[in-house]
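Quick look at target_37.cif (mmCIF, C-alpha atoms):
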```
data_target
#
loop_
_atom_site.label_atom_id
_atom_site.label_comp_id
_atom_site.auth_asym_id
_atom_site.auth_seq_id
_atom_site.Cartn_x
_atom_site.Cartn_y
_atom_site.Cartn_z
CA MET F 1 2.84 -22.54 -20.48
CA LYS F 2 3.75 -24.45 -17.32
CA ALA F 3 0.93 -26.18 -15.44
CA LYS F 4 1.56 -24.20 -12.26
CA GLU F 5 1.02 -20.98 -14.20
CA LYS F 6 -2.51 -22.12 -15.10
CA PHE F 7 -3.36 -23.39 -11.65
CA THR F 8 -6.91 -22.07 -11.46
CA ASP F 9 -7.93 -23.61 -14.80
CA ILE F 10 -6.38 -26.99 -13.98
CA ASP F 11 -7.83 -27.04 -10.47
CA ASN F 12 -11.32 -26.28 -11.79
CA ALA F 13 -10.96 -29.07 -14.35
CA LEU F 14 -9.86 -31.53 -11.64
CA LYS F 15 -12.79 -30.56 -9.41
CA GLU F 16 -15.20 -31.17 -12.29
CA LEU F 17 -13.51 -34.52 -12.99
CA HIS F 18 -13.83 -35.50 -9.32
CA ASP F 19 -17.53 -34.60 -9.28
CA THR F 20 -18.16 -36.49 -12.52
CA ILE F 21 -16.40 -39.62 -11.26
CA ALA F 22 -18.32 -39.48 -7.97
CA LYS F 23 -21.61 -39.60 -9.89
CA LEU F 24 -20.79 -42.81 -11.75
CA GLU F 25 -23.13 -45.64 -10.77
CA GLY F 26 -22.16 -49.25 -10.34
CA VAL F 27 -18.43 -48.49 -10.35
CA ASP F 28 -16.00 -48.38 -7.41
CA THR F 29 -14.50 -44.94 -7.91
CA ALA F 30 -12.85 -44.49 -4.51
CA GLU F 31 -9.31 -45.11 -5.77
CA ILE F 32 -9.73 -42.82 -8.78
CA GLU F 33 -11.17 -40.06 -6.60
CA ARG F 34 -8.26 -40.48 -4.18
CA LYS F 35 -5.75 -40.08 -7.02
CA VAL F 36 -7.50 -36.99 -8.33
CA ASP F 37 -7.50 -35.45 -4.84
CA ALA F 38 -3.83 -36.36 -4.38
CA PHE F 39 -2.95 -34.69 -7.67
CA ARG F 40 -4.89 -31.56 -6.68
CA LYS F 41 -3.07 -31.46 -3.36
CA GLU F 42 0.31 -31.84 -5.06
CA LEU F 43 -0.62 -29.14 -7.55
CA TYR F 44 -1.74 -26.77 -4.79
CA GLU F 45 1.35 -27.27 -2.64
CA GLY F 46 3.63 -26.39 -5.54
CA ILE F 47 1.84 -23.36 -6.97
CA SER F 48 3.81 -20.33 -8.06
CA ARG F 49 3.48 -16.89 -6.57
CA TRP F 50 1.68 -15.78 -9.71
CA SER F 51 -0.91 -18.50 -9.09
CA SER F 52 -1.43 -16.97 -5.64
CA VAL F 53 -2.02 -13.62 -7.35
CA GLU F 54 -4.65 -15.28 -9.55
CA LEU F 55 -6.29 -16.83 -6.50
CA SER F 56 -6.28 -13.48 -4.69
CA ARG F 57 -8.33 -12.11 -7.61
CA HIS F 58 -10.69 -15.07 -7.97
CA ALA F 59 -14.26 -13.90 -8.63
CA GLU F 60 -15.69 -16.26 -5.99
CA ARG F 61 -13.17 -15.43 -3.28
CA PRO F 62 -14.92 -14.22 -0.10
CA GLY F 63 -15.11 -10.43 0.06
CA ILE F 64 -15.87 -7.89 2.73
CA ASP F 65 -19.63 -8.51 2.62
CA ASP F 66 -19.05 -12.19 3.40
CA PHE F 67 -16.76 -11.36 6.32
CA ILE F 68 -19.10 -8.76 7.78
CA SER F 69 -22.23 -10.93 7.56
CA ARG F 70 -20.55 -13.89 9.28
CA LEU F 71 -18.22 -12.27 11.82
CA PHE F 72 -20.20 -9.24 13.00
CA HIS F 73 -23.73 -8.39 13.99
CA ASP F 74 -25.80 -5.20 14.03
CA PHE F 75 -23.65 -3.70 11.28
CA THR F 76 -24.69 -0.14 10.40
CA GLU F 77 -23.09 1.22 7.25
CA LEU F 78 -22.11 4.88 7.21
CA HIS F 79 -21.93 6.79 3.94
CA GLY F 80 -20.16 9.84 2.60
CA ASP F 81 -16.93 11.73 3.18
CA ARG F 82 -18.53 15.08 4.12
CA LEU F 83 -16.51 16.70 1.31
CA TYR F 84 -17.49 15.39 -2.12
CA GLU F 85 -19.42 12.12 -2.34
CA ASP F 86 -19.84 8.56 -1.17
CA ASP F 87 -17.18 6.26 -2.62
CA PRO F 88 -18.64 2.78 -3.24
CA ALA F 89 -15.17 1.20 -3.17
CA ILE F 90 -14.92 1.76 0.60
CA LEU F 91 -17.44 0.07 2.87
CA GLY F 92 -17.49 0.99 6.53
CA GLY F 93 -19.61 1.35 9.58
CA LEU F 94 -20.36 0.43 13.18
CA ALA F 95 -20.78 -3.18 14.27
CA TYR F 96 -20.38 -5.65 17.11
CA LEU F 97 -17.80 -8.42 17.29
CA ASP F 98 -19.59 -10.67 19.76
CA ASP F 99 -20.14 -8.18 22.64
CA THR F 100 -17.39 -5.76 21.58
CA PRO F 101 -18.44 -2.62 19.69
CA VAL F 102 -16.08 -2.08 16.74
CA VAL F 103 -15.65 -0.04 13.58
CA VAL F 104 -15.26 -2.01 10.34
CA ILE F 105 -13.68 -0.51 7.21
CA GLY F 106 -12.66 -2.21 3.98
CA HIS F 107 -12.48 -2.35 0.22
CA LYS F 108 -15.52 -3.57 -1.68
CA LYS F 109 -14.93 -5.02 -5.15
CA HIS F 110 -18.43 -6.20 -6.01
CA SER F 111 -21.84 -7.00 -4.55
CA GLU F 112 -22.28 -10.33 -2.79
CA GLY F 113 -22.80 -13.04 -5.39
CA LYS F 114 -22.47 -10.62 -8.33
CA LYS F 115 -19.71 -9.48 -10.67
CA ASP F 116 -20.61 -5.79 -10.76
CA TYR F 117 -16.98 -4.69 -10.42
CA ILE F 118 -17.41 -1.47 -12.39
CA ARG F 119 -20.03 -0.21 -9.91
CA TYR F 120 -17.45 -0.44 -7.12
CA HIS F 121 -14.42 0.61 -9.19
CA TYR F 122 -12.94 -2.87 -8.64
CA GLY F 123 -12.37 -1.93 -5.00
CA MET F 124 -10.11 1.00 -5.92
CA ALA F 125 -10.73 3.94 -3.61
CA SER F 126 -10.82 7.60 -4.63
CA PRO F 127 -9.93 10.45 -2.26
CA SER F 128 -13.56 10.34 -1.10
CA GLY F 129 -13.04 6.76 0.02
CA HIS F 130 -9.96 7.67 2.00
CA HIS F 131 -11.76 10.64 3.57
CA LYS F 132 -14.64 8.32 4.49
CA ALA F 133 -12.16 5.94 6.14
CA ARG F 134 -10.61 8.82 8.09
CA ARG F 135 -14.05 9.89 9.29
CA LEU F 136 -14.72 6.36 10.53
CA LEU F 137 -11.34 6.24 12.26
CA GLY F 138 -12.27 9.46 14.05
CA LEU F 139 -15.50 7.90 15.27
CA ALA F 140 -13.62 4.82 16.44
CA GLU F 141 -11.29 6.96 18.53
CA LYS F 142 -14.10 9.13 19.88
CA PHE F 143 -16.11 6.15 21.13
CA GLY F 144 -13.17 3.88 22.00
CA ARG F 145 -14.02 1.18 19.45
CA PRO F 146 -11.32 -1.12 18.02
CA VAL F 147 -10.92 -0.87 14.24
CA ILE F 148 -11.02 -3.92 11.95
CA THR F 149 -9.96 -3.31 8.34
CA PHE F 150 -10.29 -5.62 5.32
CA VAL F 151 -7.89 -4.99 2.45
CA ASP F 152 -8.74 -6.19 -1.05
CA THR F 153 -7.78 -3.75 -3.80
CA PRO F 154 -5.50 -3.57 -6.85
CA GLY F 155 -4.61 -0.02 -5.81
CA ALA F 156 -6.05 3.48 -5.64
CA TYR F 157 -8.58 4.63 -8.28
CA PRO F 158 -6.45 5.69 -11.32
CA VAL F 159 -8.58 8.37 -12.98
CA PRO F 160 -7.83 12.08 -13.62
CA GLU F 161 -10.64 13.21 -11.30
CA ALA F 162 -9.04 11.35 -8.39
CA GLU F 163 -5.69 12.95 -9.11
CA ASP F 164 -7.31 16.38 -9.33
CA ARG F 165 -8.77 15.86 -5.85
CA GLY F 166 -5.41 14.93 -4.38
CA GLN F 167 -5.26 11.14 -4.53
CA ALA F 168 -1.71 10.82 -3.18
CA PHE F 169 -2.36 13.32 -0.39
CA SER F 170 -5.59 11.56 0.64
CA ILE F 171 -3.69 8.25 0.89
CA ALA F 172 -1.02 9.90 3.03
CA GLN F 173 -3.70 11.41 5.27
CA CYS F 174 -5.37 8.01 5.67
CA ILE F 175 -2.07 6.33 6.55
CA GLN F 176 -1.37 9.08 9.08
CA ALA F 177 -4.84 8.70 10.57
CA ILE F 178 -4.69 4.93 10.92
CA SER F 179 -1.18 5.06 12.41
CA SER F 180 -2.14 7.67 15.01
CA VAL F 181 -5.69 6.68 15.97
CA ARG F 182 -5.80 6.04 19.72
CA THR F 183 -7.61 2.72 19.61
CA PRO F 184 -6.55 -0.82 18.60
CA VAL F 185 -6.33 -1.54 14.86
CA VAL F 186 -6.40 -5.01 13.32
CA ALA F 187 -5.77 -5.20 9.57
CA CYS F 188 -6.88 -8.23 7.53
CA ILE F 189 -5.38 -8.75 4.06
CA ILE F 190 -8.00 -10.97 2.42
CA GLY F 191 -7.24 -10.61 -1.31
CA GLU F 192 -5.16 -8.19 -3.31
CA GLY F 193 -3.15 -5.62 -1.43
CA GLY F 194 -1.82 -3.34 -4.11
CA SER F 195 0.29 -0.20 -3.70
CA GLY F 196 -0.71 2.85 -1.65
CA GLY F 197 -4.39 2.07 -2.05
CA ALA F 198 -3.85 -1.01 0.10
CA LEU F 199 -1.46 0.64 2.54
CA ALA F 200 -4.12 3.25 3.35
CA LEU F 201 -6.00 0.52 5.25
CA GLY F 202 -3.34 -2.16 5.49
CA PHE F 203 -1.50 -0.99 8.58
CA GLY F 204 -2.39 -2.04 12.12
CA ASP F 205 -1.23 -3.14 15.55
CA ARG F 206 -1.80 -6.68 14.30
CA ILE F 207 -1.90 -7.84 10.69
CA ILE F 208 -3.75 -10.97 9.60
CA MET F 209 -3.27 -12.30 6.09
CA LEU F 210 -4.71 -15.12 4.05
CA GLU F 211 -2.27 -17.61 2.58
CA ASN F 212 -2.86 -16.67 -1.06
CA ALA F 213 -3.51 -12.98 -0.57
CA PHE F 214 -0.84 -10.81 -2.20
CA TYR F 215 0.41 -7.59 -0.57
CA SER F 216 3.02 -5.55 -2.44
CA ALA F 217 4.09 -2.01 -3.29
CA ILE F 218 3.01 -2.51 -6.90
CA SER F 219 1.13 -5.13 -8.90
CA PRO F 220 3.20 -7.79 -10.69
CA GLU F 221 1.99 -6.37 -14.02
CA GLY F 222 3.08 -2.85 -13.04
CA PHE F 223 6.43 -4.09 -11.74
CA SER F 224 6.97 -6.07 -14.93
CA SER F 225 6.18 -3.07 -17.13
CA ILE F 226 8.52 -0.72 -15.25
CA ILE F 227 11.44 -3.00 -14.45
CA TYR F 228 11.42 -5.39 -17.41
CA GLY F 229 9.69 -3.15 -19.94
CA ASP F 230 7.33 -6.03 -20.68
CA PRO F 231 4.03 -6.58 -18.82
CA SER F 232 3.92 -10.21 -19.96
CA LYS F 233 6.69 -11.08 -17.48
CA LYS F 234 4.25 -10.80 -14.59
CA GLU F 235 5.05 -14.32 -13.33
CA ARG F 236 8.71 -13.39 -12.93
CA ALA F 237 7.68 -10.13 -11.25
CA ALA F 238 5.49 -11.97 -8.74
CA GLU F 239 8.41 -14.20 -7.79
CA THR F 240 10.58 -11.11 -7.26
CA LEU F 241 7.98 -9.23 -5.20
CA ARG F 242 7.42 -12.19 -2.82
CA GLY F 243 4.14 -10.80 -1.55
CA THR F 244 2.11 -13.88 -0.64
CA GLY F 245 0.81 -14.49 2.86
CA LYS F 246 3.45 -17.18 3.36
CA ASP F 247 6.22 -14.82 2.27
CA LEU F 248 5.20 -11.96 4.54
CA PHE F 249 4.46 -14.19 7.53
CA GLY F 250 7.89 -15.76 7.12
CA SER F 251 9.44 -12.29 6.99
CA GLY F 252 7.74 -11.26 10.23
CA ILE F 253 5.66 -8.54 8.56
CA VAL F 254 2.38 -10.39 9.16
CA ASP F 255 1.36 -11.53 12.64
CA HIS F 256 -1.17 -14.24 11.75
CA LEU F 257 -1.30 -16.41 8.63
CA VAL F 258 -4.66 -18.00 7.77
CA ASN F 259 -4.29 -21.14 5.67
CA GLU F 260 -6.62 -21.62 2.73
CA PRO F 261 -8.31 -24.86 1.67
CA MET F 262 -6.98 -26.81 -1.28
CA GLY F 263 -7.55 -24.73 -4.40
CA GLY F 264 -8.07 -21.41 -2.61
CA ALA F 265 -10.36 -19.59 -0.18
CA HIS F 266 -13.36 -19.78 -2.53
CA ASN F 267 -13.50 -23.57 -2.07
CA ASP F 268 -14.48 -23.27 1.62
CA PRO F 269 -15.22 -19.61 2.39
CA VAL F 270 -17.04 -20.36 5.66
CA GLN F 271 -14.00 -22.12 7.12
CA VAL F 272 -11.67 -19.35 5.97
CA ILE F 273 -13.89 -16.60 7.41
CA ASP F 274 -14.22 -18.47 10.72
CA ASP F 275 -10.43 -18.88 10.91
CA VAL F 276 -9.99 -15.15 10.29
CA GLY F 277 -12.62 -14.49 12.95
CA ARG F 278 -10.69 -16.48 15.52
CA ALA F 279 -7.52 -14.55 14.75
CA VAL F 280 -9.37 -11.21 14.90
CA ARG F 281 -10.89 -12.06 18.29
CA GLN F 282 -7.50 -13.09 19.66
CA CYS F 283 -5.90 -9.87 18.42
CA VAL F 284 -8.66 -7.67 19.80
CA ARG F 285 -8.41 -9.34 23.23
CA GLU F 286 -4.63 -8.88 23.28
CA LEU F 287 -4.77 -5.24 22.22
CA GLU F 288 -7.62 -4.24 24.54
CA SER F 289 -5.64 -5.59 27.48
CA LEU F 290 -2.93 -3.00 26.79
CA ASP F 291 -2.92 0.54 28.14
CA ILE F 292 -3.49 2.96 25.25
CA GLY F 293 -0.15 4.64 26.01
CA GLU F 294 1.66 1.30 25.74
CA LEU F 295 -0.20 0.55 22.54
CA MET F 296 0.83 3.83 20.93
CA LYS F 297 4.47 3.39 22.01
CA ALA F 298 4.56 -0.10 20.47
CA ARG F 299 3.00 1.21 17.27
CA SER F 300 5.49 4.07 17.08
CA ALA F 301 8.42 1.70 17.63
CA PHE F 302 7.15 -0.54 14.82
CA ILE F 303 6.85 2.40 12.45
CA GLN F 304 10.37 3.54 13.29
CA ARG F 305 11.69 0.09 12.36
CA LEU F 306 10.10 0.49 8.93
CA ILE F 307 11.82 3.83 8.24
CA PRO F 308 15.27 3.28 6.70
CA PRO F 309 18.15 5.19 8.32
CA SER F 310 19.06 8.45 6.59
#
```
Could you spell out this file's structure in structure tokens?
Amino acid sequence: MKAKEKFTDIDNALKELHDTIAKLEGVDTAEIERKVDAFRKELYEGISRWSSVELSRHAERPGIDDFISRLFHDFTELHGDRLYEDDPAILGGLAYLDDTPVVVIGHKKHSEGKKDYIRYHYGMASPSGHHKARRLLGLAEKFGRPVITFVDTPGAYPVPEAEDRGQAFSIAQCIQAISSVRTPVVACIIGEGGSGGALALGFGDRIIMLENAFYSAISPEGFSSIIYGDPSKKERAAETLRGTGKDLFGSGIVDHLVNEPMGGAHNDPVQVIDDVGRAVRQCVRELESLDIGELMKARSAFIQRLIPPS
């Protein structure tokens, strides 16, 4: 297997080597450390799109809890969809961004510092999660609060119960709600952005995306299974999908690209979160300066550009 296809393993090994060398006593290790860092930088600059997918799924990558605790204050989580239950895969509530009251909604994959993915369905929302998001969007419009979303999900929750409750319809309702809510919306793609489950929260007046996040209509594994009939060709599928932050920023789909530190966002989460925060504040200021009618016209025009001619 090519080195770039095992980027995370090699990068971890190089970091351990760097730390070990730095601890040697009585030896001038500066030149060796410099060479190790140079190799890591060269490795990072040439990573494949599949390596970006791996980084977007890294267990230590900052999640919604990290972003909320650092960027917002006085966060009050709201629970339940008022129909069935509270979906743990969707976290949302009221908060303040500096002095601006906002509504925050996003996918939650696991608890902060833990790997309890099963508890949160790996961030895959059920219809209850989408209904919860719609309820929060309604509150945002009612009280004139900008909406900040954080997208990090492999897709919608793929279980029979979710289908029985109208999974596809709930996604469509959420997309309709977020596209028509009469208040500014800023979407942040911080990790995986897979399929309709991501699109339910991944649309906004401004879209911010991390460099190694991956936003696509289907996962590379799913694409590989359907198109190539072989899920092991996921690396080839990732190259075809071209869903990294760099790809989508270059295509004009994403408004702000947030660069990640060498080796991925987990290597300096504070810096990454602060950079996202600066972009969010800039977007909120820009959008709040617009008349709501102008904002809705611009949003409608953008949506029309996305619809292919009949």
Using the chain letters and numbers from the file, which residues does the PyMOL selection byres ((chain F and resi 197) around 12) grab, as a VMD selection string? chain F and resid 89 to 90 106 to 107 122 to 127 129 to 130 133 151 to 158 167 to 175 192 to 196 198 to 203 215 to 219
Could you please take those selected residues and save C-alpha atoms as a JSON list (two decimals), in the frame of the given file?
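Saved as part_17.json:
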```
[["chain", "number", "residue", "atom", "x", "y", "z"],
["F", 89, "ALA", "CA", -15.17, 1.20, -3.17],
["F", 90, "ILE", "CA", -14.92, 1.76, 0.60],
["F", 106, "GLY", "CA", -12.66, -2.21, 3.98],
["F", 107, "HIS", "CA", -12.48, -2.35, 0.22],
["F", 122, "TYR", "CA", -12.94, -2.87, -8.64],
["F", 123, "GLY", "CA", -12.37, -1.93, -5.00],
["F", 124, "MET", "CA", -10.11, 1.00, -5.92],
["F", 125, "ALA", "CA", -10.73, 3.94, -3.61],
["F", 126, "SER", "CA", -10.82, 7.60, -4.63],
["F", 127, "PRO", "CA", -9.93, 10.45, -2.26],
["F", 129, "GLY", "CA", -13.04, 6.76, 0.02],
["F", 130, "HIS", "CA", -9.96, 7.67, 2.00],
["F", 133, "ALA", "CA", -12.16, 5.94, 6.14],
["F", 151, "VAL", "CA", -7.89, -4.99, 2.45],
["F", 152, "ASP", "CA", -8.74, -6.19, -1.05],
["F", 153, "THR", "CA", -7.78, -3.75, -3.80],
["F", 154, "PRO", "CA", -5.50, -3.57, -6.85],
["F", 155, "GLY", "CA", -4.61, -0.02, -5.81],
["F", 156, "ALA", "CA", -6.05, 3.48, -5.64],
["F", 157, "TYR", "CA", -8.58, 4.63, -8.28],
["F", 158, "PRO", "CA", -6.45, 5.69, -11.32],
["F", 167, "GLN", "CA", -5.26, 11.14, -4.53],
["F", 168, "ALA", "CA", -1.71, 10.82, -3.18],
["F", 169, "PHE", "CA", -2.36, 13.32, -0.39],
["F", 170, "SER", "CA", -5.59, 11.56, 0.64],
["F", 171, "ILE", "CA", -3.69, 8.25, 0.89],
["F", 172, "ALA", "CA", -1.02, 9.90, 3.03],
["F", 173, "GLN", "CA", -3.70, 11.41, 5.27],
["F", 174, "CYS", "CA", -5.37, 8.01, 5.67],
["F", 175, "ILE", "CA", -2.07, 6.33, 6.55],
["F", 192, "GLU", "CA", -5.16, -8.19, -3.31],
["F", 193, "GLY", "CA", -3.15, -5.62, -1.43],
["F", 194, "GLY", "CA", -1.82, -3.34, -4.11],
["F", 195, "SER", "CA", 0.29, -0.20, -3.70],
["F", 196, "GLY", "CA", -0.71, 2.85, -1.65],
["F", 198, "ALA", "CA", -3.85, -1.01, 0.10],
["F", 199, "LEU", "CA", -1.46, 0.64, 2.54],
["F", 200, "ALA", "CA", -4.12, 3.25, 3.35],
["F", 201, "LEU", "CA", -6.00, 0.52, 5.25],
["F", 202, "GLY", "CA", -3.34, -2.16, 5.49],
["F", 203, "PHE", "CA", -1.50, -0.99, 8.58],
["F", 215, "TYR", "CA", 0.41, -7.59, -0.57],
["F", 216, "SER", "CA", 3.02, -5.55, -2.44],
["F", 217, "ALA", "CA", 4.09, -2.01, -3.29],
["F", 218, "ILE", "CA", 3.01, -2.51, -6.90],
["F", 219, "SER", "CA", 1.13, -5.13, -8.90]]
```
For Asp255 in chain F, which of F:Leu210, F:Ala95, F:Ile32, F:Ile273 is the closest residue, counting all atoms listed in the file? F:Leu210
Please give the centre and size of the box around range 299-305 of chain F (axis-aligned, containing every atom listed in the file, 4 Å added per side), with values in Å to one decimal and written as AutoDock Vina command-line options.
```
--center_x 7.3 --center_y 1.8 --center_z 15.0 --size_x 16.7 --size_y 12.6 --size_z 13.3
```
Contacts of Thr240 in chain F at 10 Å (only C-alpha atoms; same-chain gap of 3+ positions) as a PyMOL selection string: chain F and resi 49+220+223-224+234-237+243
What's the separation between CA of Glu33 in chain F and CA of Glu260 in chain F, in Å to one decimal place? 21.2 Å
For each of F:Asp116, F:Leu257, F:Val102, F:Lys108, take the minimum atom-to-atom distance to Lys142 in chain F, counting only C-alpha atoms, then give the residue where this is smallest. F:Val102
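The residues returned by the PyMOL selection byres ((chain F and resi 145-148) around 6) on the shown structure are Pro101, Val102, Val103, Val104, Ala140, Phe143, Gly144, Thr149, Thr183, Pro184, Val185, Val186 and Ala187 of chain F.
Close to (-15.0, 11.0, 4.0), meaning no more than 9 Å away when counting only C-alpha atoms, sit the residues His79, Gly80, Asp81, Arg82, Leu83, Tyr84, Glu85, Asp86, Asp87, Pro127, Ser128, Gly129, His130, His131, Lys132, Ala133, Arg134, Arg135 and Leu136 of chain F.
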Write out, as a JSON list (two decimals), in the coordinates of the input, the residues just selected, with C-alpha atoms.
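The resulting result30.json:
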```json
[["chain", "number", "residue", "atom", "x", "y", "z"],
["F", 79, "HIS", "CA", -21.93, 6.79, 3.94],
["F", 80, "GLY", "CA", -20.16, 9.84, 2.60],
["F", 81, "ASP", "CA", -16.93, 11.73, 3.18],
["F", 82, "ARG", "CA", -18.53, 15.08, 4.12],
["F", 83, "LEU", "CA", -16.51, 16.70, 1.31],
["F", 84, "TYR", "CA", -17.49, 15.39, -2.12],
["F", 85, "GLU", "CA", -19.42, 12.12, -2.34],
["F", 86, "ASP", "CA", -19.84, 8.56, -1.17],
["F", 87, "ASP", "CA", -17.18, 6.26, -2.62],
["F", 127, "PRO", "CA", -9.93, 10.45, -2.26],
["F", 128, "SER", "CA", -13.56, 10.34, -1.10],
["F", 129, "GLY", "CA", -13.04, 6.76, 0.02],
["F", 130, "HIS", "CA", -9.96, 7.67, 2.00],
["F", 131, "HIS", "CA", -11.76, 10.64, 3.57],
["F", 132, "LYS", "CA", -14.64, 8.32, 4.49],
["F", 133, "ALA", "CA", -12.16, 5.94, 6.14],
["F", 134, "ARG", "CA", -10.61, 8.82, 8.09],
["F", 135, "ARG", "CA", -14.05, 9.89, 9.29],
["F", 136, "LEU", "CA", -14.72, 6.36, 10.53]]
```
Given the choices F:Ile189, F:Leu248, F:Val254, F:Val276, which gets closest to Ser56 in chain F if the distance is worked out from only C-alpha atoms? F:Ile189
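Closest approach to Asp291 in chain F among F:Lys35, F:Lys115, F:Arg305, F:Arg182 is made by F:Arg182 (distances from only C-alpha atoms).
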Please determine, counting all atoms listed in the file, which residue among F:Asn12, F:Gln176, F:Ser232, F:Gln271 has the shortest atom-to-atom distance to His58 in chain F. F:Asn12
Expansion of the PyMOL selection byres ((chain F and resi 296) around 10) into residues, as a PyMOL selection string: chain F and resi 179-184+205+290-295+297-302
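Proximity ranking of F:Ala38, F:Ala22, F:Ile208, F:Ala177 relative to Gln282 in chain F places F:Ile208 first, based on only C-alpha atoms.
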Quick check, in Å to one decimal: how far apart do CA of Ser251 in chain F and CA of Ile207 in chain F lie? 12.7 Å
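For the pair CA of Gly93 in chain F and CA of Thr76 in chain F, the separation is 5.4 Å.
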Distance query Phe75 in chain F at most 12 Å, only C-alpha atoms, self and fewer than 3 positions along chain excluded, as a tab-separated table (two decimals) with C-alpha atoms, in the frame of the given file:
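New file result.tsv:
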```tsv
chain	number	residue	atom	x	y	z
F	65	ASP	CA	-19.63	-8.51	2.62
F	67	PHE	CA	-16.76	-11.36	6.32
F	68	ILE	CA	-19.10	-8.76	7.78
F	69	SER	CA	-22.23	-10.93	7.56
F	70	ARG	CA	-20.55	-13.89	9.28
F	71	LEU	CA	-18.22	-12.27	11.82
F	72	PHE	CA	-20.20	-9.24	13.00
F	78	LEU	CA	-22.11	4.88	7.21
F	91	LEU	CA	-17.44	0.07	2.87
F	92	GLY	CA	-17.49	0.99	6.53
F	93	GLY	CA	-19.61	1.35	9.58
F	94	LEU	CA	-20.36	0.43	13.18
F	95	ALA	CA	-20.78	-3.18	14.27
F	96	TYR	CA	-20.38	-5.65	17.11
F	97	LEU	CA	-17.80	-8.42	17.29
F	98	ASP	CA	-19.59	-10.67	19.76
F	101	PRO	CA	-18.44	-2.62	19.69
F	102	VAL	CA	-16.08	-2.08	16.74
F	103	VAL	CA	-15.65	-0.04	13.58
F	104	VAL	CA	-15.26	-2.01	10.34
F	105	ILE	CA	-13.68	-0.51	7.21
```
Set the distance at 12 Å and use all atoms listed in the file: which residues neighbour Asp19 in chain F once local chain neighbours fewer than 5 positions away are removed? I'd like the list as a PyMOL selection string. chain F and resi 12-14+24+29-30+32-33+36-37
Would you mind writing range 117-129 of chain F with N, CA and C atoms, as a PDB file, in the frame of the given file?
```
ATOM      1  N   TYR F 117     -18.231  -5.336 -10.819  1.00  0.00           N
ATOM      2  CA  TYR F 117     -16.980  -4.690 -10.420  1.00  0.00           C
ATOM      3  C   TYR F 117     -16.953  -3.209 -10.771  1.00  0.00           C
ATOM      4  N   ILE F 118     -17.486  -2.870 -11.936  1.00  0.00           N
ATOM      5  CA  ILE F 118     -17.410  -1.470 -12.390  1.00  0.00           C
ATOM      6  C   ILE F 118     -18.135  -0.554 -11.410  1.00  0.00           C
ATOM      7  N   ARG F 119     -19.253  -1.016 -10.856  1.00  0.00           N
ATOM      8  CA  ARG F 119     -20.030  -0.210  -9.910  1.00  0.00           C
ATOM      9  C   ARG F 119     -19.186   0.187  -8.704  1.00  0.00           C
ATOM     10  N   TYR F 120     -18.267  -0.692  -8.317  1.00  0.00           N
ATOM     11  CA  TYR F 120     -17.450  -0.440  -7.120  1.00  0.00           C
ATOM     12  C   TYR F 120     -15.987  -0.127  -7.479  1.00  0.00           C
ATOM     13  N   HIS F 121     -15.760   0.218  -8.725  1.00  0.00           N
ATOM     14  CA  HIS F 121     -14.420   0.610  -9.190  1.00  0.00           C
ATOM     15  C   HIS F 121     -13.389  -0.473  -8.883  1.00  0.00           C
ATOM     16  N   TYR F 122     -13.829  -1.733  -8.915  1.00  0.00           N
ATOM     17  CA  TYR F 122     -12.940  -2.870  -8.640  1.00  0.00           C
ATOM     18  C   TYR F 122     -12.267  -2.757  -7.256  1.00  0.00           C
ATOM     19  N   GLY F 123     -12.931  -2.082  -6.337  1.00  0.00           N
ATOM     20  CA  GLY F 123     -12.370  -1.930  -5.000  1.00  0.00           C
ATOM     21  C   GLY F 123     -11.275  -0.880  -4.904  1.00  0.00           C
ATOM     22  N   MET F 124     -11.153  -0.028  -5.915  1.00  0.00           N
ATOM     23  CA  MET F 124     -10.110   1.000  -5.920  1.00  0.00           C
ATOM     24  C   MET F 124     -10.674   2.326  -5.405  1.00  0.00           C
ATOM     25  N   ALA F 125     -10.169   2.769  -4.283  1.00  0.00           N
ATOM     26  CA  ALA F 125     -10.730   3.940  -3.610  1.00  0.00           C
ATOM     27  C   ALA F 125     -10.253   5.244  -4.236  1.00  0.00           C
ATOM     28  N   SER F 126     -11.137   6.218  -4.244  1.00  0.00           N
ATOM     29  CA  SER F 126     -10.820   7.600  -4.630  1.00  0.00           C
ATOM     30  C   SER F 126     -10.507   8.378  -3.359  1.00  0.00           C
ATOM     31  N   PRO F 127     -10.119   9.648  -3.473  1.00  0.00           N
ATOM     32  CA  PRO F 127      -9.930  10.450  -2.260  1.00  0.00           C
ATOM     33  C   PRO F 127     -11.153  10.441  -1.351  1.00  0.00           C
ATOM     34  N   SER F 128     -12.356  10.386  -1.933  1.00  0.00           N
ATOM     35  CA  SER F 128     -13.560  10.340  -1.100  1.00  0.00           C
ATOM     36  C   SER F 128     -13.587   9.093  -0.233  1.00  0.00           C
ATOM     37  N   GLY F 129     -13.107   7.982  -0.774  1.00  0.00           N
ATOM     38  CA  GLY F 129     -13.040   6.760   0.020  1.00  0.00           C
ATOM     39  C   GLY F 129     -12.082   6.870   1.174  1.00  0.00           C
TER      40      GLY F 129
END
```
